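Student: mmCIF, C-alpha atoms, file query-v7.cif:
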data_protein
#
loop_
_atom_site.label_atom_id
_atom_site.label_comp_id
_atom_site.auth_asym_id
_atom_site.auth_seq_id
_atom_site.Cartn_x
_atom_site.Cartn_y
_atom_site.Cartn_z
CA MET Q 14 36.34 31.69 -66.08
CA VAL Q 15 39.67 32.63 -64.53
CA LEU Q 16 42.22 34.29 -66.81
CA LYS Q 17 44.94 31.94 -68.08
CA LEU Q 18 48.48 33.23 -68.44
CA TYR Q 19 50.78 31.17 -70.67
CA GLY Q 20 54.42 31.91 -69.99
CA PHE Q 21 57.69 30.87 -68.46
CA PRO Q 22 58.40 31.39 -64.74
CA THR Q 23 61.33 33.76 -65.15
CA SER Q 24 60.49 35.20 -68.57
CA THR Q 25 60.77 38.99 -68.38
CA CYS Q 26 57.70 39.54 -70.50
CA THR Q 27 55.65 37.06 -68.50
CA LEU Q 28 56.60 38.96 -65.33
CA ARG Q 29 55.59 42.21 -67.00
CA VAL Q 30 52.05 40.83 -67.27
CA ALA Q 31 52.10 39.20 -63.84
CA VAL Q 32 52.98 42.43 -62.01
CA VAL Q 33 50.03 44.19 -63.65
CA LEU Q 34 47.64 41.34 -62.76
CA LYS Q 35 48.77 41.74 -59.15
CA GLU Q 36 48.39 45.54 -59.19
CA LYS Q 37 44.85 45.13 -60.48
CA ASN Q 38 43.97 42.25 -58.09
CA VAL Q 39 43.05 40.01 -61.02
CA PRO Q 40 43.24 36.30 -60.23
CA PHE Q 41 44.93 34.16 -62.86
CA GLU Q 42 45.93 30.62 -63.59
CA TYR Q 43 49.53 30.19 -64.72
CA HIS Q 44 50.28 27.68 -67.49
CA ASN Q 45 53.91 26.80 -68.12
CA VAL Q 46 55.34 26.86 -71.63
CA ASP Q 47 58.67 25.07 -71.51
CA LEU Q 48 60.98 27.29 -73.53
CA THR Q 49 63.91 24.95 -72.91
CA LYS Q 50 62.03 22.23 -74.79
CA GLY Q 51 60.98 24.54 -77.60
CA GLU Q 52 57.34 24.33 -76.64
CA HIS Q 53 56.87 27.92 -77.80
CA LYS Q 54 57.69 26.93 -81.36
CA ALA Q 55 55.33 23.94 -81.45
CA PRO Q 56 52.27 24.09 -83.74
CA GLY Q 57 49.87 23.99 -80.79
CA PHE Q 58 51.46 27.16 -79.43
CA VAL Q 59 52.13 29.03 -82.66
CA VAL Q 60 48.46 28.78 -83.57
CA HIS Q 61 47.82 31.20 -80.67
CA GLN Q 62 51.02 33.26 -80.92
CA PRO Q 63 52.36 33.33 -84.48
CA PHE Q 64 55.74 34.79 -83.44
CA GLY Q 65 56.37 31.84 -81.12
CA GLN Q 66 56.87 34.00 -78.03
CA VAL Q 67 55.61 34.14 -74.46
CA PRO Q 68 53.43 35.30 -72.86
CA TYR Q 69 49.88 35.16 -74.12
CA ILE Q 70 46.61 35.16 -72.23
CA ASP Q 71 43.33 33.36 -72.71
CA ASP Q 72 40.65 35.53 -71.12
CA ASP Q 73 37.51 33.45 -71.42
CA GLY Q 74 38.33 32.64 -75.04
CA LEU Q 75 39.93 35.97 -75.96
CA ILE Q 76 43.53 35.24 -76.93
CA LEU Q 77 45.92 38.18 -76.65
CA TYR Q 78 49.70 38.42 -76.89
CA GLU Q 79 52.43 41.09 -76.54
CA SER Q 80 52.98 41.73 -72.83
CA ARG Q 81 52.40 45.50 -73.00
CA ALA Q 82 49.16 44.98 -74.95
CA ILE Q 83 48.00 42.42 -72.38
CA ALA Q 84 48.89 44.85 -69.57
CA ARG Q 85 46.94 47.66 -71.24
CA TYR Q 86 43.95 45.35 -71.77
CA ILE Q 87 43.93 44.33 -68.09
CA ALA Q 88 44.42 47.92 -66.89
CA ALA Q 89 41.46 49.03 -69.04
CA LYS Q 90 39.15 46.09 -68.33
CA TYR Q 91 39.72 46.35 -64.57
CA ALA Q 92 40.00 50.14 -64.45
CA SER Q 93 37.78 50.36 -61.40
CA GLN Q 94 39.77 48.00 -59.18
CA GLY Q 95 43.32 47.94 -57.87
CA THR Q 96 45.82 50.65 -58.81
CA GLN Q 97 44.86 53.04 -61.59
CA LEU Q 98 47.56 52.46 -64.20
CA ILE Q 99 46.36 54.36 -67.30
CA PRO Q 100 45.15 57.95 -66.72
CA THR Q 101 41.85 58.96 -68.27
CA ASP Q 102 42.28 62.76 -68.31
CA PRO Q 103 43.31 63.60 -71.92
CA THR Q 104 46.47 65.54 -71.03
CA ALA Q 105 47.58 62.99 -68.45
CA HIS Q 106 46.81 60.23 -70.93
CA ALA Q 107 48.97 61.86 -73.62
CA LEU Q 108 51.85 62.15 -71.15
CA PHE Q 109 51.31 58.49 -70.21
CA GLU Q 110 51.63 57.53 -73.89
CA GLN Q 111 54.82 59.59 -74.09
CA ALA Q 112 56.21 57.74 -71.07
CA ALA Q 113 55.13 54.36 -72.46
CA SER Q 114 56.93 55.18 -75.69
CA ILE Q 115 60.02 56.34 -73.81
CA GLU Q 116 60.20 52.90 -72.22
CA THR Q 117 59.91 51.04 -75.52
CA SER Q 118 62.26 53.28 -77.51
CA ASN Q 119 64.76 54.67 -75.01
CA PHE Q 120 65.06 51.92 -72.41
CA ASP Q 121 63.98 48.51 -73.67
CA PRO Q 122 66.27 48.14 -76.73
CA PHE Q 123 69.34 48.78 -74.56
CA ALA Q 124 68.26 46.94 -71.41
CA SER Q 125 66.96 43.90 -73.28
CA GLY Q 126 69.99 43.91 -75.58
CA LEU Q 127 72.30 43.88 -72.54
CA ALA Q 128 70.22 41.13 -70.92
CA TRP Q 129 70.62 39.10 -74.09
CA GLU Q 130 74.36 39.62 -74.55
CA LEU Q 131 75.34 39.22 -70.92
CA LYS Q 132 72.90 36.54 -69.81
CA PHE Q 133 70.38 34.93 -72.13
CA THR Q 134 72.52 34.26 -75.20
CA THR Q 135 74.66 31.83 -73.21
CA TRP Q 136 71.55 29.86 -72.25
CA PHE Q 137 71.03 29.12 -75.94
CA GLY Q 138 74.65 28.24 -76.68
CA GLY Q 139 75.66 31.69 -77.87
CA LYS Q 140 78.60 33.91 -76.98
CA THR Q 141 78.55 37.43 -75.56
CA ASP Q 142 79.32 40.06 -78.18
CA GLU Q 143 81.48 42.26 -75.95
CA ALA Q 144 81.59 45.18 -78.36
CA ARG Q 145 77.83 45.23 -78.70
CA ALA Q 146 77.38 44.96 -74.92
CA LYS Q 147 79.73 47.89 -74.37
CA SER Q 148 77.93 50.00 -76.95
CA LEU Q 149 74.53 49.20 -75.45
CA HIS Q 150 75.79 50.03 -71.96
CA THR Q 151 77.09 53.42 -73.10
CA GLN Q 152 73.83 54.20 -74.85
CA LEU Q 153 71.76 53.12 -71.84
CA ALA Q 154 73.77 55.42 -69.58
CA ALA Q 155 73.09 58.37 -71.89
CA LYS Q 156 69.37 57.60 -71.93
CA LEU Q 157 69.25 57.44 -68.15
CA ASP Q 158 70.79 60.92 -68.02
CA ALA Q 159 67.58 62.09 -69.71
CA TYR Q 160 65.51 60.07 -67.22
CA GLU Q 161 67.39 61.89 -64.45
CA VAL Q 162 66.20 65.22 -65.84
CA ILE Q 163 62.59 64.06 -66.24
CA LEU Q 164 62.46 62.49 -62.78
CA GLY Q 165 63.89 65.63 -61.25
CA LYS Q 166 60.62 67.37 -62.11
CA GLN Q 167 58.08 64.67 -61.31
CA LYS Q 168 57.77 61.51 -59.27
CA TYR Q 169 57.16 59.03 -62.09
CA LEU Q 170 57.78 58.86 -65.81
CA ALA Q 171 54.34 60.15 -66.85
CA GLY Q 172 53.75 62.59 -63.99
CA ASN Q 173 53.13 62.28 -60.27
CA GLN Q 174 51.18 59.03 -60.38
CA VAL Q 175 52.59 55.61 -61.16
CA THR Q 176 51.45 54.20 -64.49
CA LEU Q 177 52.05 51.11 -66.62
CA ALA Q 178 54.98 52.99 -68.17
CA ASP Q 179 56.94 52.79 -64.91
CA LEU Q 180 56.04 49.14 -64.29
CA PHE Q 181 57.12 48.13 -67.80
CA HIS Q 182 60.74 48.86 -66.80
CA LEU Q 183 60.76 46.37 -63.94
CA PRO Q 184 61.62 43.06 -65.61
CA TYR Q 185 64.61 44.11 -67.74
CA GLY Q 186 65.71 46.73 -65.25
CA SER Q 187 65.98 43.98 -62.66
CA VAL Q 188 67.81 41.58 -64.98
CA ILE Q 189 70.52 44.09 -65.85
CA LEU Q 190 71.05 45.04 -62.21
CA ASP Q 191 71.34 41.37 -61.46
CA ILE Q 192 74.13 40.97 -64.03
CA GLY Q 193 76.02 43.96 -62.66
CA ILE Q 194 74.87 46.85 -64.85
CA ASP Q 195 73.92 49.55 -62.38
CA GLU Q 196 73.17 52.86 -64.01
CA PHE Q 197 70.43 53.67 -61.48
CA SER Q 198 72.30 54.20 -58.18
CA SER Q 199 74.55 56.99 -59.43
CA ARG Q 200 71.59 59.11 -60.55
CA PRO Q 201 69.67 60.39 -57.47
CA ASN Q 202 66.28 60.88 -59.14
CA VAL Q 203 66.47 57.64 -61.09
CA LYS Q 204 67.57 55.85 -57.91
CA ARG Q 205 64.58 57.26 -56.01
CA TRP Q 206 62.16 56.20 -58.75
CA TRP Q 207 63.68 52.74 -59.14
CA GLY Q 208 63.61 52.16 -55.38
CA ASP Q 209 59.96 53.20 -55.32
CA ILE Q 210 58.70 50.97 -58.12
CA THR Q 211 60.75 47.92 -57.13
CA SER Q 212 59.35 47.99 -53.61
CA ARG Q 213 55.74 47.87 -54.76
CA GLU Q 214 53.91 44.86 -53.30
CA ALA Q 215 52.85 43.63 -56.71
CA TRP Q 216 56.44 43.46 -57.95
CA VAL Q 217 57.78 41.88 -54.78
CA ALA Q 218 55.12 39.18 -55.21
CA VAL Q 219 56.27 38.16 -58.70
CA LYS Q 220 59.88 39.25 -59.14
CA ASP Q 221 61.43 35.93 -58.26
CA GLY Q 222 59.19 34.09 -60.67
CA ILE Q 223 55.64 32.84 -60.81
CA ALA Q 224 54.63 29.22 -60.77
CA MET F 16 47.01 78.27 -83.08
CA VAL F 17 48.28 75.89 -85.75
CA LEU F 18 50.06 72.74 -84.52
CA LYS F 19 53.84 73.10 -84.53
CA LEU F 20 55.83 70.04 -85.57
CA TYR F 21 59.51 70.26 -84.68
CA GLY F 22 61.58 67.92 -86.81
CA LEU F 23 63.27 67.44 -90.12
CA THR F 24 61.40 66.99 -93.36
CA THR F 25 63.27 63.78 -94.18
CA SER F 26 63.33 62.28 -90.67
CA THR F 27 61.45 58.97 -90.52
CA LYS F 28 59.57 59.81 -87.35
CA THR F 29 58.80 63.38 -88.37
CA ARG F 30 57.17 62.03 -91.53
CA SER F 31 55.27 59.51 -89.42
CA VAL F 32 53.65 62.32 -87.42
CA ALA F 33 53.07 64.36 -90.59
CA GLN F 34 51.21 61.39 -92.06
CA ILE F 35 48.90 61.17 -89.05
CA CYS F 36 48.21 64.89 -89.42
CA LYS F 37 47.21 64.24 -93.05
CA GLU F 38 45.00 61.28 -92.09
CA LYS F 39 43.22 63.41 -89.49
CA GLU F 40 43.15 66.58 -91.63
CA ILE F 41 45.16 68.55 -89.08
CA PRO F 42 47.08 71.52 -90.44
CA TYR F 43 50.61 71.81 -89.09
CA GLU F 44 53.67 74.01 -89.39
CA LEU F 45 56.98 72.16 -89.76
CA ILE F 46 59.72 73.87 -87.79
CA THR F 47 63.09 72.56 -88.86
CA VAL F 48 65.50 71.19 -86.29
CA ASP F 49 68.80 70.87 -88.12
CA LEU F 50 69.84 67.32 -87.26
CA ARG F 51 72.95 67.45 -89.41
CA ALA F 52 74.19 70.43 -87.44
CA GLY F 53 73.30 68.68 -84.17
CA GLU F 54 70.66 71.22 -83.22
CA GLN F 55 68.68 68.50 -81.42
CA LYS F 56 71.48 68.14 -78.85
CA LEU F 57 71.58 71.84 -77.98
CA PRO F 58 69.97 73.25 -74.81
CA PRO F 59 66.94 74.95 -76.45
CA HIS F 60 65.82 71.66 -77.99
CA LEU F 61 66.83 69.57 -74.98
CA ALA F 62 64.53 71.78 -72.92
CA ILE F 63 61.56 70.35 -74.83
CA GLN F 64 62.98 66.88 -75.56
CA PRO F 65 65.47 65.65 -72.95
CA PHE F 66 66.66 62.74 -75.13
CA GLY F 67 67.70 65.16 -77.89
CA GLN F 68 65.46 63.65 -80.55
CA VAL F 69 62.81 64.66 -83.05
CA PRO F 70 59.90 64.99 -83.55
CA VAL F 71 58.23 67.11 -80.88
CA ILE F 72 54.90 68.88 -81.12
CA ASP F 73 53.71 72.10 -79.54
CA ASP F 74 49.93 72.03 -79.54
CA ASP F 75 49.02 75.50 -78.36
CA GLY F 76 51.57 75.28 -75.56
CA PHE F 77 51.22 71.54 -74.85
CA ILE F 78 54.56 69.90 -75.61
CA LEU F 79 54.66 66.20 -76.49
CA TYR F 80 57.39 63.95 -77.91
CA GLU F 81 57.78 60.31 -79.04
CA SER F 82 56.20 59.95 -82.49
CA ARG F 83 53.87 57.09 -81.50
CA ALA F 84 52.62 59.06 -78.49
CA ILE F 85 52.06 62.10 -80.71
CA GLY F 86 50.18 59.95 -83.23
CA ARG F 87 47.96 58.54 -80.48
CA TYR F 88 47.32 62.00 -79.02
CA LEU F 89 46.29 63.45 -82.38
CA ALA F 90 44.17 60.43 -83.34
CA THR F 91 42.33 60.71 -80.01
CA LYS F 92 41.94 64.50 -79.95
CA TYR F 93 40.65 64.56 -83.54
CA ALA F 94 38.74 61.27 -83.36
CA ASN F 95 35.77 62.86 -85.12
CA GLN F 96 37.53 64.10 -88.22
CA GLY F 97 39.52 62.50 -91.00
CA THR F 98 40.10 58.73 -91.07
CA PRO F 99 38.00 57.16 -88.30
CA ASN F 100 39.11 54.50 -85.81
CA LEU F 101 42.85 54.91 -86.15
CA ILE F 102 42.58 53.89 -82.50
CA PRO F 103 39.44 51.77 -81.97
CA THR F 104 37.14 52.54 -79.06
CA ASN F 105 35.36 49.18 -78.82
CA PRO F 106 37.21 47.33 -75.98
CA LYS F 107 37.90 44.12 -77.90
CA GLU F 108 39.04 45.99 -81.01
CA LEU F 109 41.17 48.22 -78.82
CA ALA F 110 42.86 45.15 -77.30
CA PHE F 111 43.72 43.87 -80.79
CA PHE F 112 44.94 47.35 -81.76
CA GLU F 113 47.28 47.38 -78.75
CA GLN F 114 48.52 43.93 -79.74
CA ALA F 115 49.20 45.17 -83.29
CA ALA F 116 50.86 48.36 -82.03
CA SER F 117 53.14 46.26 -79.83
CA ILE F 118 53.89 43.87 -82.71
CA GLU F 119 55.09 46.85 -84.74
CA LEU F 120 57.40 48.24 -82.11
CA SER F 121 58.74 44.91 -80.79
CA ASN F 122 58.80 42.64 -83.82
CA PHE F 123 59.22 44.99 -86.77
CA GLU F 124 60.97 48.20 -85.85
CA PRO F 125 64.14 46.82 -84.18
CA HIS F 126 65.00 44.76 -87.25
CA ALA F 127 63.85 47.20 -89.93
CA TYR F 128 65.75 49.92 -88.11
CA GLY F 129 68.75 47.61 -87.80
CA VAL F 130 68.88 47.13 -91.57
CA CYS F 131 68.60 50.89 -92.16
CA PHE F 132 71.22 51.58 -89.51
CA GLU F 133 73.76 49.29 -91.15
CA LYS F 134 73.06 50.33 -94.73
CA VAL F 135 72.25 54.03 -94.40
CA PHE F 136 72.75 55.73 -91.04
CA LYS F 137 76.20 54.34 -90.32
CA LEU F 138 77.47 55.27 -93.77
CA ARG F 139 76.25 58.83 -93.27
CA ARG F 140 78.50 59.03 -90.21
CA GLY F 141 81.48 57.64 -92.08
CA LEU F 142 81.19 54.22 -90.42
CA GLN F 143 81.18 50.85 -92.19
CA THR F 144 78.38 48.33 -92.53
CA ASP F 145 78.77 45.35 -90.23
CA GLU F 146 77.79 42.64 -92.72
CA ALA F 147 77.17 40.02 -90.03
CA ALA F 148 74.85 42.33 -88.10
CA LEU F 149 73.04 43.26 -91.32
CA ALA F 150 72.57 39.60 -92.22
CA LYS F 151 71.18 38.90 -88.75
CA HIS F 152 68.72 41.79 -88.94
CA LEU F 153 67.50 40.64 -92.36
CA GLU F 154 67.15 37.05 -91.20
CA THR F 155 65.11 38.09 -88.17
CA LEU F 156 63.03 40.58 -90.14
CA ASN F 157 62.15 37.88 -92.65
CA ALA F 158 61.20 35.46 -89.88
CA LYS F 159 58.96 38.09 -88.30
CA LEU F 160 57.29 38.82 -91.63
CA ASP F 161 56.53 35.11 -91.98
CA ALA F 162 54.35 35.58 -88.88
CA TYR F 163 52.82 38.71 -90.43
CA GLU F 164 51.95 36.56 -93.49
CA VAL F 165 49.91 34.25 -91.25
CA ILE F 166 48.15 37.11 -89.44
CA LEU F 167 47.37 38.97 -92.66
CA SER F 168 45.92 35.84 -94.27
CA LYS F 169 43.05 36.08 -91.78
CA GLN F 170 42.40 39.81 -91.72
CA LYS F 171 43.00 42.85 -93.85
CA TYR F 172 45.17 44.86 -91.46
CA LEU F 173 47.36 44.12 -88.47
CA ALA F 174 44.66 44.88 -85.85
CA GLY F 175 41.65 43.62 -87.78
CA ASP F 176 39.67 44.64 -90.80
CA TYR F 177 40.32 48.34 -90.89
CA VAL F 178 43.48 50.42 -90.87
CA THR F 179 44.83 51.70 -87.56
CA LEU F 180 47.91 53.60 -86.37
CA ALA F 181 49.64 50.24 -85.94
CA ASP F 182 49.72 49.72 -89.73
CA LEU F 183 50.83 53.25 -90.51
CA TYR F 184 53.76 53.19 -88.09
CA HIS F 185 55.49 50.61 -90.32
CA LEU F 186 55.77 52.96 -93.27
CA PRO F 187 58.87 55.11 -92.68
CA PHE F 188 61.38 52.33 -91.95
CA GLY F 189 59.55 49.85 -94.16
CA MET F 190 59.84 52.19 -97.13
CA MET F 191 63.52 52.62 -96.43
CA VAL F 192 64.10 48.85 -96.29
CA GLU F 193 62.27 48.39 -99.58
CA GLY F 194 64.17 51.29 -101.10
CA LEU F 195 67.43 49.49 -100.28
CA GLY F 196 66.29 46.68 -102.58
CA TYR F 197 65.09 44.11 -100.05
CA ASP F 198 61.78 42.73 -101.29
CA VAL F 199 60.75 41.49 -97.84
CA PHE F 200 57.15 42.60 -98.37
CA GLN F 201 56.53 41.69 -102.02
CA ARG F 202 57.67 38.09 -101.72
CA ARG F 203 54.84 37.31 -99.29
CA PRO F 204 51.36 37.55 -100.90
CA ASN F 205 49.35 38.71 -97.88
CA VAL F 206 52.07 41.02 -96.61
CA ALA F 207 52.41 42.45 -100.15
CA ARG F 208 48.68 43.11 -100.33
CA TRP F 209 48.75 44.90 -96.97
CA TRP F 210 51.97 46.77 -97.69
CA ASN F 211 50.80 48.03 -101.09
CA ASP F 212 47.50 49.14 -99.53
CA ILE F 213 49.05 51.23 -96.77
CA SER F 214 51.92 52.53 -98.94
CA ASN F 215 49.48 53.97 -101.42
CA ARG F 216 47.34 55.87 -98.96
CA PRO F 217 47.16 59.54 -100.00
CA SER F 218 48.36 60.56 -96.54
CA TRP F 219 51.63 58.69 -97.10
CA SER F 220 52.07 59.84 -100.68
CA ALA F 221 51.77 63.40 -99.40
CA VAL F 222 54.64 63.12 -96.91
CA LYS F 223 56.84 60.19 -97.88
CA ASN F 224 59.36 62.40 -99.65
CA GLY F 225 59.22 65.13 -97.05
CA ALA F 226 57.04 66.23 -94.16
#
As structure tokens - that is how I would like this structure written.

Tutor:
Amino acid sequence: MVLKLYGFPTSTCTLRVAVVLKEKNVPFEYHNVDLTKGEHKAPGFVVHQPFGQVPYIDDDGLILYESRAIARYIAAKYASQGTQLIPTDPTAHALFEQAASIETSNFDPFASGLAWELKFTTWFGGKTDEARAKSLHTQLAAKLDAYEVILGKQKYLAGNQVTLADLFHLPYGSVILDIGIDEFSSRPNVKRWWGDITSREAWVAVKDGIA
Amino acid sequence: MVLKLYGLTTSTKTRSVAQICKEKEIPYELITVDLRAGEQKLPPHLAIQPFGQVPVIDDDGFILYESRAIGRYLATKYANQGTPNLIPTNPKELAFFEQAASIELSNFEPHAYGVCFEKVFKLRRGLQTDEAALAKHLETLNAKLDAYEVILSKQKYLAGDYVTLADLYHLPFGMMVEGLGYDVFQRRPNVARWWNDISNRPSWSAVKNGA
């Protein structure tokens, strides 16, 4: 049975899963969860995803949520097709886990926080907290200085092959660029890396939303 | 050569790695990085950790940072000693482990850390608690733990019926939140059961007051 992806067309975390499905050439059926109508908080949804968030997948009865967990599951299940996205060599794997953790600890809190303050909060009737946005921006810039050092020594975040860790940056990285936060272009190595991963076919196929 | 753990005995994430070493019966040597003196921002440390953070390990010349990556590396390398299955190998169990690991870092840590930041870390730097931010973090943390209550009513631990890294990673900030007097765990029966179980593991008792 074809994999079902429950999400929202422009949801960052839904796109995080979609880009990996494309990289791995895994067909899927998209099911819309209307966030604007609160469908993600309805009992029929929460029974599958107790935090009331998108996305989740139904892979022939296996329900899984958390976009990075779904991505890892797909990358492992379909290891032998499409792009290899999780290294198997123990040392390379450890460095992949380091890169994956860098994304969640040193990029995501700042990028997603900025996306919230400068874009998404207004969708839900909130107001931008300017002080918080400024603080997040400053912190993000400092983190990307460290990325600049890392990417001066290797092509991608985990080494010289692309991995899930690089792809995980795509959704929020794109949102913040879109709202005018550009801390990539002024850093040559980061700029090179960002240009590389954003031009991947799989990302180009999903970046403007999936339906 | 014995594993070198660069960090500070009281640092949350240093203790997290120390706990994994205890679970897996791995001897280690703690090498102090004086955070209060800003040693982590000096060139010798930046050379091994470009973000200027602790902990970092040196495993016979192999340098790795990001506490969750270190935990995964050690749990994998020493899979056959100490507590088994801290990362499951069965594909389905592994998928649920990755889901639980992502729950911890996305749904727990930002808010637990937020509480600790407002009530502890800011004060250490001579800054004042932002009461509104603190209230928001507590509100969100409580909402997230309501979802944990549902999950933990069906299974013993966050990934299934045996303990994994995903459970253990909650301990450092969770202990700090509880220590501040917020009974977020005890007021929920299933969460309390789980929390008391993992908090009383000998590995945590051994390091909770210092790595």

Student: Just so the selection is clear, what residues does the PyMOL selection byres ((chain F) within 10 of (chain Q)) cover here, as a PyMOL selection string?

Tutor: chain F and resi 61-62+64-67+77-89+91-92+106-107+109-118+120-122+124-125+158-166

Student: Write to file, as an mmCIF file, in the coordinates of the input, the residues of the selection just made, with C-alpha atoms.

Tutor:
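File produced: selection_29.cif:
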data_model
loop_
_atom_site.group_PDB
_atom_site.id
_atom_site.type_symbol
_atom_site.label_atom_id
_atom_site.label_comp_id
_atom_site.auth_asym_id
_atom_site.auth_seq_id
_atom_site.Cartn_x
_atom_site.Cartn_y
_atom_site.Cartn_z
ATOM 1 C CA LEU F 61 66.830 69.570 -74.980
ATOM 2 C CA ALA F 62 64.530 71.780 -72.920
ATOM 3 C CA GLN F 64 62.980 66.880 -75.560
ATOM 4 C CA PRO F 65 65.470 65.650 -72.950
ATOM 5 C CA PHE F 66 66.660 62.740 -75.130
ATOM 6 C CA GLY F 67 67.700 65.160 -77.890
ATOM 7 C CA PHE F 77 51.220 71.540 -74.850
ATOM 8 C CA ILE F 78 54.560 69.900 -75.610
ATOM 9 C CA LEU F 79 54.660 66.200 -76.490
ATOM 10 C CA TYR F 80 57.390 63.950 -77.910
ATOM 11 C CA GLU F 81 57.780 60.310 -79.040
ATOM 12 C CA SER F 82 56.200 59.950 -82.490
ATOM 13 C CA ARG F 83 53.870 57.090 -81.500
ATOM 14 C CA ALA F 84 52.620 59.060 -78.490
ATOM 15 C CA ILE F 85 52.060 62.100 -80.710
ATOM 16 C CA GLY F 86 50.180 59.950 -83.230
ATOM 17 C CA ARG F 87 47.960 58.540 -80.480
ATOM 18 C CA TYR F 88 47.320 62.000 -79.020
ATOM 19 C CA LEU F 89 46.290 63.450 -82.380
ATOM 20 C CA THR F 91 42.330 60.710 -80.010
ATOM 21 C CA LYS F 92 41.940 64.500 -79.950
ATOM 22 C CA PRO F 106 37.210 47.330 -75.980
ATOM 23 C CA LYS F 107 37.900 44.120 -77.900
ATOM 24 C CA LEU F 109 41.170 48.220 -78.820
ATOM 25 C CA ALA F 110 42.860 45.150 -77.300
ATOM 26 C CA PHE F 111 43.720 43.870 -80.790
ATOM 27 C CA PHE F 112 44.940 47.350 -81.760
ATOM 28 C CA GLU F 113 47.280 47.380 -78.750
ATOM 29 C CA GLN F 114 48.520 43.930 -79.740
ATOM 30 C CA ALA F 115 49.200 45.170 -83.290
ATOM 31 C CA ALA F 116 50.860 48.360 -82.030
ATOM 32 C CA SER F 117 53.140 46.260 -79.830
ATOM 33 C CA ILE F 118 53.890 43.870 -82.710
ATOM 34 C CA LEU F 120 57.400 48.240 -82.110
ATOM 35 C CA SER F 121 58.740 44.910 -80.790
ATOM 36 C CA ASN F 122 58.800 42.640 -83.820
ATOM 37 C CA GLU F 124 60.970 48.200 -85.850
ATOM 38 C CA PRO F 125 64.140 46.820 -84.180
ATOM 39 C CA ALA F 158 61.200 35.460 -89.880
ATOM 40 C CA LYS F 159 58.960 38.090 -88.300
ATOM 41 C CA LEU F 160 57.290 38.820 -91.630
ATOM 42 C CA ASP F 161 56.530 35.110 -91.980
ATOM 43 C CA ALA F 162 54.350 35.580 -88.880
ATOM 44 C CA TYR F 163 52.820 38.710 -90.430
ATOM 45 C CA GLU F 164 51.950 36.560 -93.490
ATOM 46 C CA VAL F 165 49.910 34.250 -91.250
ATOM 47 C CA ILE F 166 48.150 37.110 -89.440
#

Student: Starting from the PyMOL selection byres ((chain F and resi 126) around 10), expand the selection into actual residues of this file and give them as a PyMOL selection string.

Tutor: chain F and resi 120-125+127-132+149+151-157+159+188+192

Student: Using all atoms listed in the file, which residue out of Q:Arg213, Q:His44, Q:Arg145, Q:Lys37 lies closest to Gln94 (chain Q)?

Tutor: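 Selected residue with least distance to Gln94 (chain Q): Q:Lys37.
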
Student: How many Å separate CA of Ile223 (chain Q) from CA of Val30 (chain Q)?

Tutor: 10.9 Å

Student: Which residues, written as a list in words, have at least one atom at most 7 Å from Thr98 (chain F), with all atoms listed in the file counted and residues fewer than 3 positions away on the same chain left out?

Tutor: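 Listing them by chain and then by number gives Glu38, Lys39 and Leu101 of chain F.
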
Student: Any chance you could resolve the PyMOL selection byres ((chain F and resi 211) around 12) against this file and give the residues as JSON, numbers by chain?

Tutor: {"F": [171, 172, 182, 183, 186, 189, 190, 193, 200, 201, 203, 204, 205, 206, 207, 208, 209, 210, 212, 213, 214, 215, 216, 219, 220]}

Student: Filtering to C-alpha atoms, could you give me those residues as a CSV table (one decimal), keeping the file's coordinate frame?

Tutor:
chain,number,residue,atom,x,y,z
F,171,LYS,CA,43.0,42.8,-93.8
F,172,TYR,CA,45.2,44.9,-91.5
F,182,ASP,CA,49.7,49.7,-89.7
F,183,LEU,CA,50.8,53.2,-90.5
F,186,LEU,CA,55.8,53.0,-93.3
F,189,GLY,CA,59.6,49.8,-94.2
F,190,MET,CA,59.8,52.2,-97.1
F,193,GLU,CA,62.3,48.4,-99.6
F,200,PHE,CA,57.2,42.6,-98.4
F,201,GLN,CA,56.5,41.7,-102.0
F,203,ARG,CA,54.8,37.3,-99.3
F,204,PRO,CA,51.4,37.6,-100.9
F,205,ASN,CA,49.4,38.7,-97.9
F,206,VAL,CA,52.1,41.0,-96.6
F,207,ALA,CA,52.4,42.4,-100.2
F,208,ARG,CA,48.7,43.1,-100.3
F,209,TRP,CA,48.8,44.9,-97.0
F,210,TRP,CA,52.0,46.8,-97.7
F,212,ASP,CA,47.5,49.1,-99.5
F,213,ILE,CA,49.0,51.2,-96.8
F,214,SER,CA,51.9,52.5,-98.9
F,215,ASN,CA,49.5,54.0,-101.4
F,216,ARG,CA,47.3,55.9,-99.0
F,219,TRP,CA,51.6,58.7,-97.1
F,220,SER,CA,52.1,59.8,-100.7

Student: Of the residues Q:Tyr185, Q:Leu16, Q:Val32, Q:Gln174, which is the one nearest to Phe133 (chain Q), using all atoms listed in the file?

Tutor: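 Residue with the minimum atom-to-atom distance to Phe133 (chain Q): Q:Tyr185.
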
Student: List the neighbours of Cys36 (chain F) out to 10 Å using all atoms listed in the file; skip same-chain residues closer than 6 positions along the sequence, and give me the result as number ranges by chain.

Tutor: F: 18, 20, 30, 42-43, 85-86, 89-90, 93, 97, 218

Student: Near region 48-59 of chain F, within 8 Å and counting only C-alpha atoms, which residues show up once chain neighbours fewer than 2 positions away are dropped, as a list of chain:residue names?

Tutor: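 Answer for this query is F:Tyr21, F:Gly22, F:Leu23, F:Ile46, F:Leu61, F:Ala62, F:Ile63, F:Gly67, F:Gln68, F:Val69.
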
Student: Write out as a count of residues only the residues lying within 12 Å of Ala218 (chain Q), counting all atoms listed in the file and excluding same-chain residues fewer than 4 positions away.

Tutor: 15
